[in-house]
Amino acid sequence: MLGVQSHGPIALRCVAENAPAPADVTAELEREAWVVLLSVSGLGPVSFGALLAAFGSARAVLRAATGPTGPTRLLEALANAASEPDDCASGVLFDACVRTEDAGAAATQGPNAGASRRRPAIGNDLATRICDAASNGGRAVEEVRALGLTVVTLEEPSYPDRLRRVELPPPLLFVRGSVEAMRAKDAVAVVGTRCPTDKGRLIAGWIGSAVARTGAAVVSGLAVGIDGAAHASVVAEGGRTVAVLGGGHARLFPKAHERLAEAIVESGGAIVSEFAPETSPTRGTFPRRNRLVSGLSDATIVVEAGRRSGALITAGWALEQGRECFLVPGAFDSPASAGCHAFLRNFPGQARVVSGIPELIEDLGLDRGSHGAAGAPDTAAFAGASRPKGSPPASAPHAGRAAVLASLGPVERALAEELARGPATADQLALRTSLAAAAVLSALTLLELRGLAASAYGRYSPSGSLGSWSGPGRD
Amino acid sequence: MAPGLPGFSIVGLADTALQEARERVRGAIRNSGYEYPPRRITVNLAPADLRKSGASLDLAIALGILVGSEQVRANGPWAVLGELSLGGELRPVPGLLPMVVALSRRRVRRVVVPLEGMAEARLADSIDVSAAATLAEAATLLRESRRGRTRSRPPRVELASNVAAESGPDEVGLVGGVGTDPGPDLAEIRGQLEARHALELALAGSHSMVMIGPPGSGKTLLARTAPGLLPPLDDDEARVATVIASVSGRGPVTGLVRTRPFRSPHHTISYAAMVGGGPRMSPGEVTFANDGILFLDELPEFDRATLEALRQPLEDGRVAISRVGRAAVFPSRFQLIAAMNPCPCGHAGEGDGRCHCQPGVVARYAGRISGPLRDRIDLWVHMPRVDPAEYVKSAASEGSALVAARIAASRRRQMCRGGCPNSRLSGRALRTGARNSTGRIGRLERARHREAPAGGPDGRRSRRFRRR
């Protein structure tokens with residue numbers, strides 16, 4: 001009926017006039033309608049908001065958009081709605097769009113206020129595309145379903161409040177994993193360059209594990225380099241981390257981090273994208289993603305950034321969004337930290353320096369101790385076994401690492417202690433510990449097998465509990 | 001020879017060099033004091049459908065004409081080999097040794113060879129070798145009776161050669177004799193514990209090995225220490241190596257080749273030069289490196305087809321070459337050692353953020369070594385750059401002599417145990433050996449699953465290393 005092509009039961013469900021359904025089904029259908037509508041290219045949040053305001057709900061929009069007269073109906077309704085300010089069901093989104101206007105021009109004017117508002121640019125082309133989507137929309141929803149994603153719309157209570165407060169929040173979030181992870185009480189972003197130094201990677205791991213230990217969530221961009229190191233250290237620590245993608249879920253980038261993404265989801269974190277699943281990441285989508293990374297956090301920490309690094313964009317967004325921004329100062333002449341130094345210089349008073357891990361935790365306000373549950377340290381977790389999600393992390397990191405070190409033989413222990421100070425080659429480790437070559441090589445293999453060391457290109461770096469922050473007084 | 005207008009033709013698919021033999025033979029006969037018969041001469045090279053090439057049949061043709069015109073008498077069957085100059089001198093030809101060996105296998109008892117090839121030809125068994133410097137001398141030899149002296153004069157060649165001084169580093173081991181360059185000593189390399197250990201394992205078990213590291217980390221230097229670490233060829237290997245050296249025609253072979261070959265072709269080498277072939281079916285680098293080392297520096301820069309051609313010899317130890325109408329199988333049991341950078345800029349993993357290659361770029365660079373070739377390489381070792389400042393105060397590194405002794409001992413053990421180096425152990429032999437060390441195997445399996453959870457054929461290879 002209604003001249004709808006049956007492109008799948010989902011489209012029919014959205015569009016057909018069905019009997020009153022239970023609330024959650026209605027919400028599900030509404031969510032699907034949002035997905036369908038927002039998958040139309042060229043339909044931005046402002047226009048979307050206008051449509052919602054005109055019709056009351058996305059499903060209503062789709063219903064109206066069917067058939068040959070669909071485009072006309074849409075445009076008519078929009079024109080009418082422009083003269084009815086503020087009286088819409090999707091007040092949140094529309095308000096968000098309108099807030100970008102000059103505050104003065106908004107509510108004081110009369111029925112003609114709509115004319116002076118930012119008129120959503122929906123022409124005939126866009127209207128036709130919307131009608132096409134209405135008939136073929138089943139595909140977009142199927143993609144979402146096939147990937148096992150959860151859709152969170154701006155209207156729902158599970159939409160993170162922090163993100164709601166930014167200017168023009170993304171109307172839709174595609175989430176894989178725990179939606180609750182985005183709404184952690186405290187969230188800190190840890191970002192940086194894709195080509196970090198070994199020390200920078202180590203520091204990112206320290207910050208990640210230290211923050212995770214306080215119970216806060218760590219947000220980052222799943223990029224190679226600092227982002228990956230931060231995510232990995234949180235996963236190793238058993239905390240929650242949120243990764244924001246630069247494209248859609250079906251085009252996870254970088255491929256090297258596919259396993260890391262799975263581990264993030266398994267440990268109670270989330271992978272989030274504001275883009276439709278089939279969207280490919282491009283140079284243009286990464287700055288947009290950075291906006292979400294800082295928008296989902298209370299504070300952003302940049303560990304290392306070159307002069308032109310995208311991590312500085314994230315820091316800039318943090319300041320714009322009124323969040324805290326911290327940068328780690330690297331060696332004076334290190335090109336990998338040149339961006340951090342420049343940013344600190346350009347934003348005195350707003351951008352803050354990371355002077356040490358305990359100091360950072362204190363500056364972030366995470367040292368309240370409410371998450372530090374007393375009790376025996378959870379050594380099983382440090383040895384790599386999975387921990388129950390949501391349980392508070394051990395409060396005595398020293399004890400955990402000490403237990404692990406005690407379980408090693410003397411050669412391995414000497415190497416582990418040396419390795420914890422920073423990444424090194426087998427040669428350097430042998431020199432510094434004065435151990436025999438054969439002993440060093442076999443001990444390193446053992447450490448690797450136990451997850452305490454990771455090797456890349458001949459350099460060994462501490463991982464697992466060896467790579468996590470080991471408490472106050474270190475470096 | 002037939003009556004008729006004087007003429008000289010050679011039939012039997014002779015190539016240009018052979019056709020030119022007519023001029024050489026005519027000149028040699030005249031200048032040796034014999035008479036060139038004014039008859040119609042036809043020389044048939046049988047079998048008729050096999051292409052013949054080269055100038056080694058000159059002497060046979062000339063003597064055939066002389067015998068046919070009854071100017072020379074031959075006392076029984078003789079084999080004769082050699083190229084003639086216009087003045088009648090006898091010149092050596094490449095591949096003399098295998099020819100003489102082939103003759104002796106066919107139960108030919110006597111052969112005349114050029115004087116300069118005498119030492120080489122005498123390496124063959126079961127055949128009497130006589131040398132001649134000119135056509136006239138060769139003719140004299142033929143007249144000798146079977147029971148008389150079969151050597152015209154003692155050979156005038158010295159066996160200790162100084163030919164090695166003329167050959168470049170690439171030809172180490174190709175011409176026989178002593179005193180070829182063993183390369184730098186291992187003690188000159190500071191540090192690089194992993195790579196040294198890997199090289200020792202590789203040389204002991206004849207495993208193939210690839211070193212990955214930034215420029216200047218010492219990959220080439222380490223590879224060049226290899227000749228000094230390997231024991232000399234044993235008798236069987238030496239015979240094969242001498243035959244190969246003879247066929248290559250690079251220089252006269254004066255004795256059994258005892259040094260291990262170390263071939264390091266440039267990455268612009270052509271397919272035929274690497275594998276063998278070409279119009280003369282000459283052996284390629286893989287054959288010259290037989291029982292020795294083939295070192296490929298800058299591995300990803302080699303032509304992809306050329307690299308793929310290495311798969312068969314790595315697996316079988318032989319390479320089959322076929323040209324139009326001819327096919328041959330050459331030995332090519334070499335040990336592959338290669339060096340490469342980790343990424344196009346060369347600095348991945350250096351830890352100072354210098355490498356800006358995207359992960360996709362790095363993967364593509366590594367992908368220039370195809371999967372199947374990767375599978376056949378046993379050892380992958382990373383060589384990070386060594387900071388010289390750290391090594392000023394350390395103890396000296398082990399020298400080549402010490403390591404070479406260990407390698408030789410290990411090789412002997414492996415031959416006693418399995419009859420072949422570890423890299424060529426069969427699956428059954430590995431499993432039998434593995435039963436004695438289940439704990440270690442279990443650990444290896446766990447490690448393998450961490451790296452490649454999807455599994456793979458690496459099981460056999462990872463087990464081989466335990467059997468030092």
# chains A, B, ... in the order shown; residues from 1 in each chain; ligands from 1
>>> residues_around(residues="range 171-179 of chain A", least_positions_apart="4", cutoff="8 Å", atoms="only C-alpha atoms", output="list in words")
Trp34, Val35, Leu38, Pro45, Leu93, Gly148, Leu149, Thr150, Val151, Val152, Thr153, Leu154, Ser158, Arg183, His249, Val265, Glu266, Gly268, Gly269, Ala270, Ile271, Val272, Ser273, Glu274, Phe275, Ala276 and Pro277 of chain A
>>> write_last_selection(atoms="N, CA and C atoms", output="CSV table (one decimal), in the first residue's frame")
chain,number,residue,atom,x,y,z
A,34,TRP,N,15.7,7.3,11.8
A,34,TRP,CA,16.9,8.3,11.9
A,34,TRP,C,18.0,7.8,11.0
A,35,VAL,N,18.3,6.5,11.1
A,35,VAL,CA,19.4,6.0,10.3
A,35,VAL,C,19.2,6.1,8.8
A,38,LEU,N,19.4,9.9,7.9
A,38,LEU,CA,20.7,10.5,8.0
A,38,LEU,C,21.7,9.8,7.0
A,45,PRO,N,22.8,18.1,9.7
A,45,PRO,CA,22.0,18.2,10.9
A,45,PRO,C,20.9,19.3,10.9
A,93,LEU,N,17.0,18.6,19.0
A,93,LEU,CA,17.9,18.8,17.8
A,93,LEU,C,17.7,20.1,17.2
A,148,GLY,N,26.2,-5.5,13.9
A,148,GLY,CA,26.0,-5.7,15.3
A,148,GLY,C,26.1,-4.3,16.1
A,149,LEU,N,25.8,-3.3,15.4
A,149,LEU,CA,26.0,-1.9,16.0
A,149,LEU,C,24.8,-1.5,16.8
A,150,THR,N,25.0,-0.7,17.8
A,150,THR,CA,23.9,0.0,18.5
A,150,THR,C,23.8,1.4,18.0
A,151,VAL,N,22.6,1.8,17.7
A,151,VAL,CA,22.4,3.2,17.3
A,151,VAL,C,22.0,4.1,18.4
A,152,VAL,N,22.6,5.2,18.6
A,152,VAL,CA,22.2,6.1,19.7
A,152,VAL,C,21.8,7.4,19.1
A,153,THR,N,20.6,7.9,19.2
A,153,THR,CA,20.2,9.1,18.6
A,153,THR,C,20.3,10.2,19.7
A,154,LEU,N,20.3,11.4,19.2
A,154,LEU,CA,20.5,12.6,20.0
A,154,LEU,C,19.3,12.7,21.0
A,158,SER,N,20.4,7.8,26.5
A,158,SER,CA,21.8,7.2,26.6
A,158,SER,C,22.8,8.0,25.8
A,183,ARG,N,29.4,7.0,28.8
A,183,ARG,CA,28.8,7.9,29.8
A,183,ARG,C,29.5,7.7,31.2
A,249,HIS,N,32.0,1.9,10.5
A,249,HIS,CA,32.5,0.7,11.1
A,249,HIS,C,32.9,-0.3,10.1
A,265,VAL,N,36.4,-3.8,22.8
A,265,VAL,CA,35.0,-4.2,23.0
A,265,VAL,C,34.9,-5.2,24.1
A,266,GLU,N,35.8,-6.2,24.0
A,266,GLU,CA,35.7,-7.3,25.0
A,266,GLU,C,35.9,-6.8,26.4
A,268,GLY,N,35.0,-4.2,27.7
A,268,GLY,CA,34.0,-3.3,28.3
A,268,GLY,C,34.0,-1.9,27.7
A,269,GLY,N,34.8,-1.7,26.6
A,269,GLY,CA,34.8,-0.4,26.0
A,269,GLY,C,33.9,-0.3,24.9
A,270,ALA,N,34.1,0.7,24.0
A,270,ALA,CA,33.3,0.9,22.9
A,270,ALA,C,34.0,1.5,21.7
A,271,ILE,N,33.6,1.2,20.5
A,271,ILE,CA,34.0,1.8,19.3
A,271,ILE,C,32.9,2.6,18.7
A,272,VAL,N,33.2,3.9,18.5
A,272,VAL,CA,32.1,4.8,18.2
A,272,VAL,C,32.4,5.5,16.8
A,273,SER,N,31.3,5.7,16.1
A,273,SER,CA,31.5,6.5,14.8
A,273,SER,C,30.3,7.3,14.6
A,274,GLU,N,30.5,8.5,14.1
A,274,GLU,CA,29.3,9.3,13.7
A,274,GLU,C,28.9,9.1,12.3
A,275,PHE,N,29.7,8.3,11.5
A,275,PHE,CA,29.5,8.2,10.1
A,275,PHE,C,28.8,6.9,9.8
A,276,ALA,N,28.1,6.8,8.7
A,276,ALA,CA,27.4,5.6,8.3
A,276,ALA,C,28.4,4.5,8.1
A,277,PRO,N,28.0,3.3,8.3
A,277,PRO,CA,29.0,2.2,8.4
A,277,PRO,C,29.9,2.1,7.1
>>> closest_atom_pairs(of="chain A", to="chain B", cutoff="9 Å", atoms="only C-alpha atoms", output="Markdown table")
| residue | atom | partner | partner_atom | distance |
| --- | --- | --- | --- | --- |
| A:Arg194 | CA | B:His356 | CA | 8.0 |
| A:Cys195 | CA | B:Gly353 | CA | 4.9 |
| A:Pro196 | CA | B:Gly353 | CA | 4.8 |
| A:Thr197 | CA | B:Asp352 | CA | 4.3 |
| A:Asp198 | CA | B:Gly351 | CA | 4.5 |
| A:Lys199 | CA | B:Gly351 | CA | 7.8 |
| A:Val224 | CA | B:Pro359 | CA | 8.0 |
| A:Pro254 | CA | B:Pro359 | CA | 7.7 |
| A:Lys255 | CA | B:Gly360 | CA | 8.4 |
| A:Ala256 | CA | B:Pro359 | CA | 7.5 |
| A:Ser334 | CA | B:Asp352 | CA | 8.7 |
| A:Pro335 | CA | B:Gly353 | CA | 8.4 |
| A:Ala336 | CA | B:Gly353 | CA | 6.5 |
| A:Pro423 | CA | B:Gly351 | CA | 8.4 |
| A:Thr425 | CA | B:Pro384 | CA | 7.1 |
| A:Ala426 | CA | B:Leu193 | CA | 6.9 |
| A:Asp427 | CA | B:Gly191 | CA | 5.8 |
| A:Gln428 | CA | B:Glu390 | CA | 7.7 |
| A:Ala430 | CA | B:Leu193 | CA | 8.6 |
| A:Leu431 | CA | B:Ser394 | CA | 7.2 |
| A:Ala437 | CA | B:Leu193 | CA | 6.3 |
| A:Ala438 | CA | B:His197 | CA | 8.3 |
| A:Leu441 | CA | B:Glu194 | CA | 7.1 |
| A:Glu448 | CA | B:Ala447 | CA | 8.7 |
| A:Leu449 | CA | B:Ala447 | CA | 6.2 |
| A:Ala456 | CA | B:Gly349 | CA | 6.5 |
| A:Tyr457 | CA | B:Gly349 | CA | 5.3 |
| A:Gly458 | CA | B:His382 | CA | 4.8 |
| A:Arg459 | CA | B:Pro384 | CA | 7.1 |
>>> select_by_dssp(residues="range 202-323 of chain B", states="strand (DSSP E or B)", output="list in words")
Met209, Val210, Met211, Ile212, Phe262, Arg263, Gly276, Gly277, Ser282, Pro283, Ile293, Leu294, Phe295, Leu296, Asp297, Arg318, Val319, Ala320, Ile321, Ser322 and Arg323 of chain B
>>> write_last_selection(atoms="N, CA and C atoms", output="mmCIF file, in the first residue's frame")
data_model
loop_
_atom_site.group_PDB
_atom_site.id
_atom_site.type_symbol
_atom_site.label_atom_id
_atom_site.label_comp_id
_atom_site.auth_asym_id
_atom_site.auth_seq_id
_atom_site.Cartn_x
_atom_site.Cartn_y
_atom_site.Cartn_z
ATOM 1 N N MET B 209 67.907 -17.170 5.617
ATOM 2 C CA MET B 209 67.793 -16.125 6.631
ATOM 3 C C MET B 209 67.652 -14.767 5.975
ATOM 4 N N VAL B 210 66.796 -13.930 6.546
ATOM 5 C CA VAL B 210 66.659 -12.564 6.067
ATOM 6 C C VAL B 210 66.914 -11.624 7.232
ATOM 7 N N MET B 211 67.761 -10.622 7.004
ATOM 8 C CA MET B 211 68.024 -9.614 8.028
ATOM 9 C C MET B 211 67.261 -8.351 7.659
ATOM 10 N N ILE B 212 66.573 -7.788 8.629
ATOM 11 C CA ILE B 212 65.791 -6.585 8.379
ATOM 12 C C ILE B 212 66.319 -5.497 9.289
ATOM 13 N N PHE B 262 80.455 -17.795 -2.431
ATOM 14 C CA PHE B 262 79.675 -16.719 -1.818
ATOM 15 C C PHE B 262 79.320 -15.766 -2.951
ATOM 16 N N ARG B 263 78.098 -15.844 -3.402
ATOM 17 C CA ARG B 263 77.683 -15.039 -4.542
ATOM 18 C C ARG B 263 76.787 -13.925 -4.046
ATOM 19 N N GLY B 276 69.729 -19.116 -14.588
ATOM 20 C CA GLY B 276 70.416 -19.911 -15.595
ATOM 21 C C GLY B 276 69.628 -19.860 -16.881
ATOM 22 N N GLY B 277 70.275 -20.194 -17.957
ATOM 23 C CA GLY B 277 69.594 -20.181 -19.234
ATOM 24 C C GLY B 277 70.401 -19.367 -20.208
ATOM 25 N N SER B 282 73.804 -21.401 -19.906
ATOM 26 C CA SER B 282 74.827 -21.304 -18.869
ATOM 27 C C SER B 282 74.150 -21.299 -17.507
ATOM 28 N N PRO B 283 74.847 -21.770 -16.497
ATOM 29 C CA PRO B 283 74.248 -21.772 -15.157
ATOM 30 C C PRO B 283 74.128 -20.366 -14.608
ATOM 31 N N ILE B 293 76.720 -19.880 -0.358
ATOM 32 C CA ILE B 293 75.768 -18.861 0.082
ATOM 33 C C ILE B 293 75.414 -17.949 -1.081
ATOM 34 N N LEU B 294 74.128 -17.667 -1.208
ATOM 35 C CA LEU B 294 73.656 -16.652 -2.145
ATOM 36 C C LEU B 294 73.183 -15.485 -1.295
ATOM 37 N N PHE B 295 73.858 -14.364 -1.398
ATOM 38 C CA PHE B 295 73.523 -13.220 -0.573
ATOM 39 C C PHE B 295 72.827 -12.188 -1.442
ATOM 40 N N LEU B 296 71.571 -11.863 -1.101
ATOM 41 C CA LEU B 296 70.812 -10.875 -1.857
ATOM 42 C C LEU B 296 70.638 -9.640 -0.989
ATOM 43 N N ASP B 297 71.372 -8.601 -1.323
ATOM 44 C CA ASP B 297 71.244 -7.356 -0.578
ATOM 45 C C ASP B 297 70.115 -6.541 -1.189
ATOM 46 N N ARG B 318 67.430 -27.905 -6.772
ATOM 47 C CA ARG B 318 67.739 -28.058 -8.198
ATOM 48 C C ARG B 318 66.937 -27.040 -8.977
ATOM 49 N N VAL B 319 67.453 -26.665 -10.132
ATOM 50 C CA VAL B 319 66.694 -25.756 -10.966
ATOM 51 C C VAL B 319 66.643 -26.331 -12.375
ATOM 52 N N ALA B 320 65.460 -26.336 -12.933
ATOM 53 C CA ALA B 320 65.286 -26.913 -14.260
ATOM 54 C C ALA B 320 65.176 -25.779 -15.259
ATOM 55 N N ILE B 321 65.995 -25.847 -16.293
ATOM 56 C CA ILE B 321 65.986 -24.793 -17.307
ATOM 57 C C ILE B 321 65.667 -25.431 -18.634
ATOM 58 N N SER B 322 64.775 -24.824 -19.353
ATOM 59 C CA SER B 322 64.538 -25.360 -20.692
ATOM 60 C C SER B 322 64.565 -24.229 -21.690
ATOM 61 N N ARG B 323 65.245 -24.468 -22.786
ATOM 62 C CA ARG B 323 65.237 -23.540 -23.901
ATOM 63 C C ARG B 323 64.616 -24.270 -25.077
#
>>> residues_around(residues="Asp161 in chain A", least_positions_apart="5", cutoff="12 Å", atoms="only C-alpha atoms", output="PyMOL selection string")
chain A and resi 154-156+166+169+180+182-187+295-298
>>> closest_residue(among="A:Leu452, A:Ala146, A:Ala342, A:Leu360", to="Leu405 in chain A", atoms="only C-alpha atoms")
A:Leu452
>>> select_by_dssp(residues="range 324-452 of chain B", states="alpha helix (DSSP H)", output="tab-separated table (two decimals) with N, CA and C atoms, in the first residue's frame")
chain	number	residue	atom	x	y	z
B	359	PRO	N	51.12	2.64	7.86
B	359	PRO	CA	51.14	1.18	8.01
B	359	PRO	C	50.87	0.46	6.69
B	360	GLY	N	50.00	1.03	5.86
B	360	GLY	CA	49.73	0.40	4.58
B	360	GLY	C	50.97	0.37	3.70
B	361	VAL	N	51.73	1.44	3.75
B	361	VAL	CA	52.94	1.52	2.93
B	361	VAL	C	53.95	0.48	3.38
B	362	VAL	N	54.09	0.36	4.70
B	362	VAL	CA	55.04	-0.63	5.23
B	362	VAL	C	54.61	-2.03	4.83
B	363	ALA	N	53.32	-2.28	4.93
B	363	ALA	CA	52.83	-3.62	4.59
B	363	ALA	C	53.08	-3.92	3.11
B	364	ARG	N	52.89	-2.90	2.29
B	364	ARG	CA	53.10	-3.13	0.85
B	364	ARG	C	54.56	-3.39	0.55
B	365	TYR	N	55.43	-2.69	1.25
B	365	TYR	CA	56.86	-2.90	1.04
B	365	TYR	C	57.25	-4.31	1.44
B	366	ALA	N	56.74	-4.74	2.57
B	366	ALA	CA	57.04	-6.11	3.00
B	366	ALA	C	56.41	-7.11	2.04
B	371	GLY	N	54.20	-14.22	-0.35
B	371	GLY	CA	53.92	-15.17	0.71
B	371	GLY	C	54.63	-16.49	0.55
B	372	PRO	N	54.53	-17.13	-0.62
B	372	PRO	CA	55.21	-18.41	-0.79
B	372	PRO	C	56.72	-18.33	-0.59
B	373	LEU	N	57.33	-17.25	-1.02
B	373	LEU	CA	58.77	-17.13	-0.80
B	373	LEU	C	59.06	-16.95	0.67
B	374	ARG	N	58.23	-16.15	1.33
B	374	ARG	CA	58.36	-15.93	2.75
B	374	ARG	C	58.30	-17.24	3.52
B	375	ASP	N	57.40	-18.12	3.06
B	375	ASP	CA	57.24	-19.42	3.71
B	375	ASP	C	58.50	-20.24	3.67
B	388	PRO	N	77.33	3.20	18.71
B	388	PRO	CA	78.74	2.88	18.97
B	388	PRO	C	79.19	3.33	20.35
B	389	ALA	N	78.63	4.42	20.85
B	389	ALA	CA	79.06	4.91	22.15
B	389	ALA	C	78.86	3.87	23.24
B	390	GLU	N	77.81	3.07	23.07
B	390	GLU	CA	77.54	2.09	24.11
B	390	GLU	C	78.55	0.97	24.12
B	391	TYR	N	79.26	0.82	23.03
B	391	TYR	CA	80.13	-0.35	22.92
B	391	TYR	C	81.57	-0.09	23.20
B	400	SER	N	85.67	-14.84	14.51
B	400	SER	CA	85.18	-15.83	13.55
B	400	SER	C	85.67	-17.22	13.87
B	401	ALA	N	86.92	-17.32	14.32
B	401	ALA	CA	87.49	-18.66	14.51
B	401	ALA	C	86.67	-19.46	15.51
B	402	LEU	N	86.31	-18.79	16.61
B	402	LEU	CA	85.55	-19.47	17.66
B	402	LEU	C	84.19	-19.93	17.14
B	403	VAL	N	83.53	-19.03	16.47
B	403	VAL	CA	82.19	-19.35	15.98
B	403	VAL	C	82.26	-20.40	14.89
B	404	ALA	N	83.28	-20.29	14.04
B	404	ALA	CA	83.40	-21.27	12.96
B	404	ALA	C	83.58	-22.66	13.52
B	405	ALA	N	84.33	-22.77	14.61
B	405	ALA	CA	84.53	-24.09	15.20
B	405	ALA	C	83.21	-24.64	15.70
B	406	ARG	N	82.42	-23.78	16.35
B	406	ARG	CA	81.12	-24.24	16.84
B	406	ARG	C	80.23	-24.68	15.69
B	407	ILE	N	80.28	-23.88	14.62
B	407	ILE	CA	79.42	-24.21	13.47
B	407	ILE	C	79.84	-25.54	12.87
B	408	ALA	N	81.15	-25.73	12.74
B	408	ALA	CA	81.62	-26.99	12.14
B	408	ALA	C	81.19	-28.17	13.00
B	409	ALA	N	81.29	-28.01	14.32
B	409	ALA	CA	80.91	-29.11	15.20
B	409	ALA	C	79.42	-29.40	15.07
B	410	SER	N	78.63	-28.35	15.01
B	410	SER	CA	77.19	-28.54	14.89
B	410	SER	C	76.83	-29.22	13.58
B	411	ARG	N	77.51	-28.83	12.54
B	411	ARG	CA	77.23	-29.45	11.24
B	411	ARG	C	77.56	-30.94	11.28
B	412	ARG	N	78.66	-31.26	11.93
B	412	ARG	CA	79.02	-32.68	12.00
B	412	ARG	C	77.96	-33.45	12.77
B	413	ARG	N	77.51	-32.84	13.89
B	413	ARG	CA	76.47	-33.51	14.67
B	413	ARG	C	75.23	-33.74	13.84
B	414	GLN	N	74.87	-32.71	13.08
B	414	GLN	CA	73.63	-32.84	12.30
B	414	GLN	C	73.77	-33.93	11.25
B	415	MET	N	74.95	-34.00	10.62
B	415	MET	CA	75.12	-35.03	9.59
B	415	MET	C	75.07	-36.42	10.21
B	416	CYS	N	75.68	-36.55	11.41
B	416	CYS	CA	75.64	-37.87	12.06
B	416	CYS	C	74.21	-38.24	12.40
B	417	ARG	N	73.49	-37.27	12.91
B	417	ARG	CA	72.16	-37.55	13.41
B	417	ARG	C	71.19	-37.84	12.28
B	418	GLY	N	71.18	-36.98	11.30
B	418	GLY	CA	70.13	-37.10	10.30
B	418	GLY	C	70.64	-37.34	8.89
B	427	GLY	N	59.78	-34.36	7.68
B	427	GLY	CA	58.81	-34.22	8.76
B	427	GLY	C	58.92	-35.35	9.77
B	428	ARG	N	59.14	-36.55	9.26
B	428	ARG	CA	59.19	-37.69	10.19
B	428	ARG	C	60.37	-37.56	11.12
B	429	ALA	N	61.50	-37.16	10.57
B	429	ALA	CA	62.69	-37.03	11.41
B	429	ALA	C	62.46	-35.98	12.49
B	430	LEU	N	61.78	-34.91	12.12
B	430	LEU	CA	61.51	-33.86	13.10
B	430	LEU	C	60.62	-34.37	14.22
B	431	ARG	N	59.61	-35.12	13.84
B	431	ARG	CA	58.68	-35.59	14.86
B	431	ARG	C	59.37	-36.57	15.80
B	432	THR	N	60.25	-37.41	15.24
B	432	THR	CA	60.96	-38.34	16.11
B	432	THR	C	61.82	-37.58	17.09
B	433	GLY	N	62.52	-36.59	16.58
B	433	GLY	CA	63.37	-35.81	17.46
B	433	GLY	C	62.55	-35.04	18.46
B	434	ALA	N	61.39	-34.59	18.03
B	434	ALA	CA	60.59	-33.73	18.90
B	434	ALA	C	60.06	-34.48	20.10
B	438	THR	N	59.30	-32.51	24.64
B	438	THR	CA	57.92	-32.06	24.50
B	438	THR	C	57.70	-30.72	25.18
B	439	GLY	N	58.41	-30.48	26.29
B	439	GLY	CA	58.19	-29.22	27.00
B	439	GLY	C	58.53	-28.03	26.12
B	440	ARG	N	59.68	-28.15	25.48
B	440	ARG	CA	60.09	-27.04	24.64
B	440	ARG	C	59.16	-26.87	23.46
B	441	ILE	N	58.72	-27.99	22.91
B	441	ILE	CA	57.82	-27.91	21.75
B	441	ILE	C	56.53	-27.25	22.16
B	442	GLY	N	56.05	-27.58	23.37
B	442	GLY	CA	54.81	-26.96	23.82
B	442	GLY	C	54.93	-25.44	23.88
B	443	ARG	N	56.08	-25.00	24.39
B	443	ARG	CA	56.28	-23.56	24.48
B	443	ARG	C	56.31	-22.93	23.10
B	444	LEU	N	56.96	-23.62	22.18
B	444	LEU	CA	57.03	-23.11	20.81
B	444	LEU	C	55.65	-23.01	20.20
B	445	GLU	N	54.83	-24.03	20.44
B	445	GLU	CA	53.50	-24.01	19.86
B	445	GLU	C	52.71	-22.84	20.39
B	446	ARG	N	52.87	-22.59	21.68
B	446	ARG	CA	52.13	-21.46	22.25
B	446	ARG	C	52.60	-20.16	21.61
B	447	ALA	N	53.89	-20.06	21.44
B	447	ALA	CA	54.42	-18.84	20.83
B	447	ALA	C	53.91	-18.69	19.41
B	448	ARG	N	53.88	-19.81	18.71
B	448	ARG	CA	53.42	-19.74	17.32
B	448	ARG	C	51.99	-19.27	17.27
B	449	HIS	N	51.18	-19.76	18.20
B	449	HIS	CA	49.77	-19.38	18.15
B	449	HIS	C	49.58	-17.93	18.50
B	450	ARG	N	50.47	-17.39	19.31
B	450	ARG	CA	50.34	-15.97	19.61
B	450	ARG	C	50.57	-15.15	18.35
B	451	GLU	N	51.58	-15.57	17.59
B	451	GLU	CA	51.93	-14.78	16.42
B	451	GLU	C	50.96	-15.00	15.29
>>> residues_around(residues="Glu32 in chain A", least_positions_apart="3", cutoff="12 Å", atoms="only C-alpha atoms", output="PyMOL selection string")
chain A and resi 10-15+25-29+35-39+57-59+62+133-134+137-145+149-153+172+174
>>> residues_around(residues="Gly88 in chain B", least_positions_apart="6", cutoff="10 Å", atoms="only C-alpha atoms", output="PyMOL selection string")
chain B and resi 24-33+59+62+133-137
>>> closest_residue(among="B:Ala187, B:Leu307, B:Ala17, B:Val243", to="Ser397 in chain B", atoms="only C-alpha atoms")
B:Ala187
>>> atom_distance(atom1="CA of Gly399 in chain B", atom2="CA of Asp185 in chain B")
6.3 Å
>>> residues_around(residues="range 73-78 of chain A", least_positions_apart="3", cutoff="10 Å", atoms="only C-alpha atoms", output="list in words")
Ser47, Ala50, Leu51, Leu52, Ala53, Ala54, Phe55, Val61, Leu62, Ala64, Ala65, Thr66, Gly67, Pro68, Thr69, Gly70, Ala81, Ala82, Ser83, Arg119, Pro120, Ile122, Gly123, Asn124, Ala127, Thr128, Ile130 and Cys131 of chain A
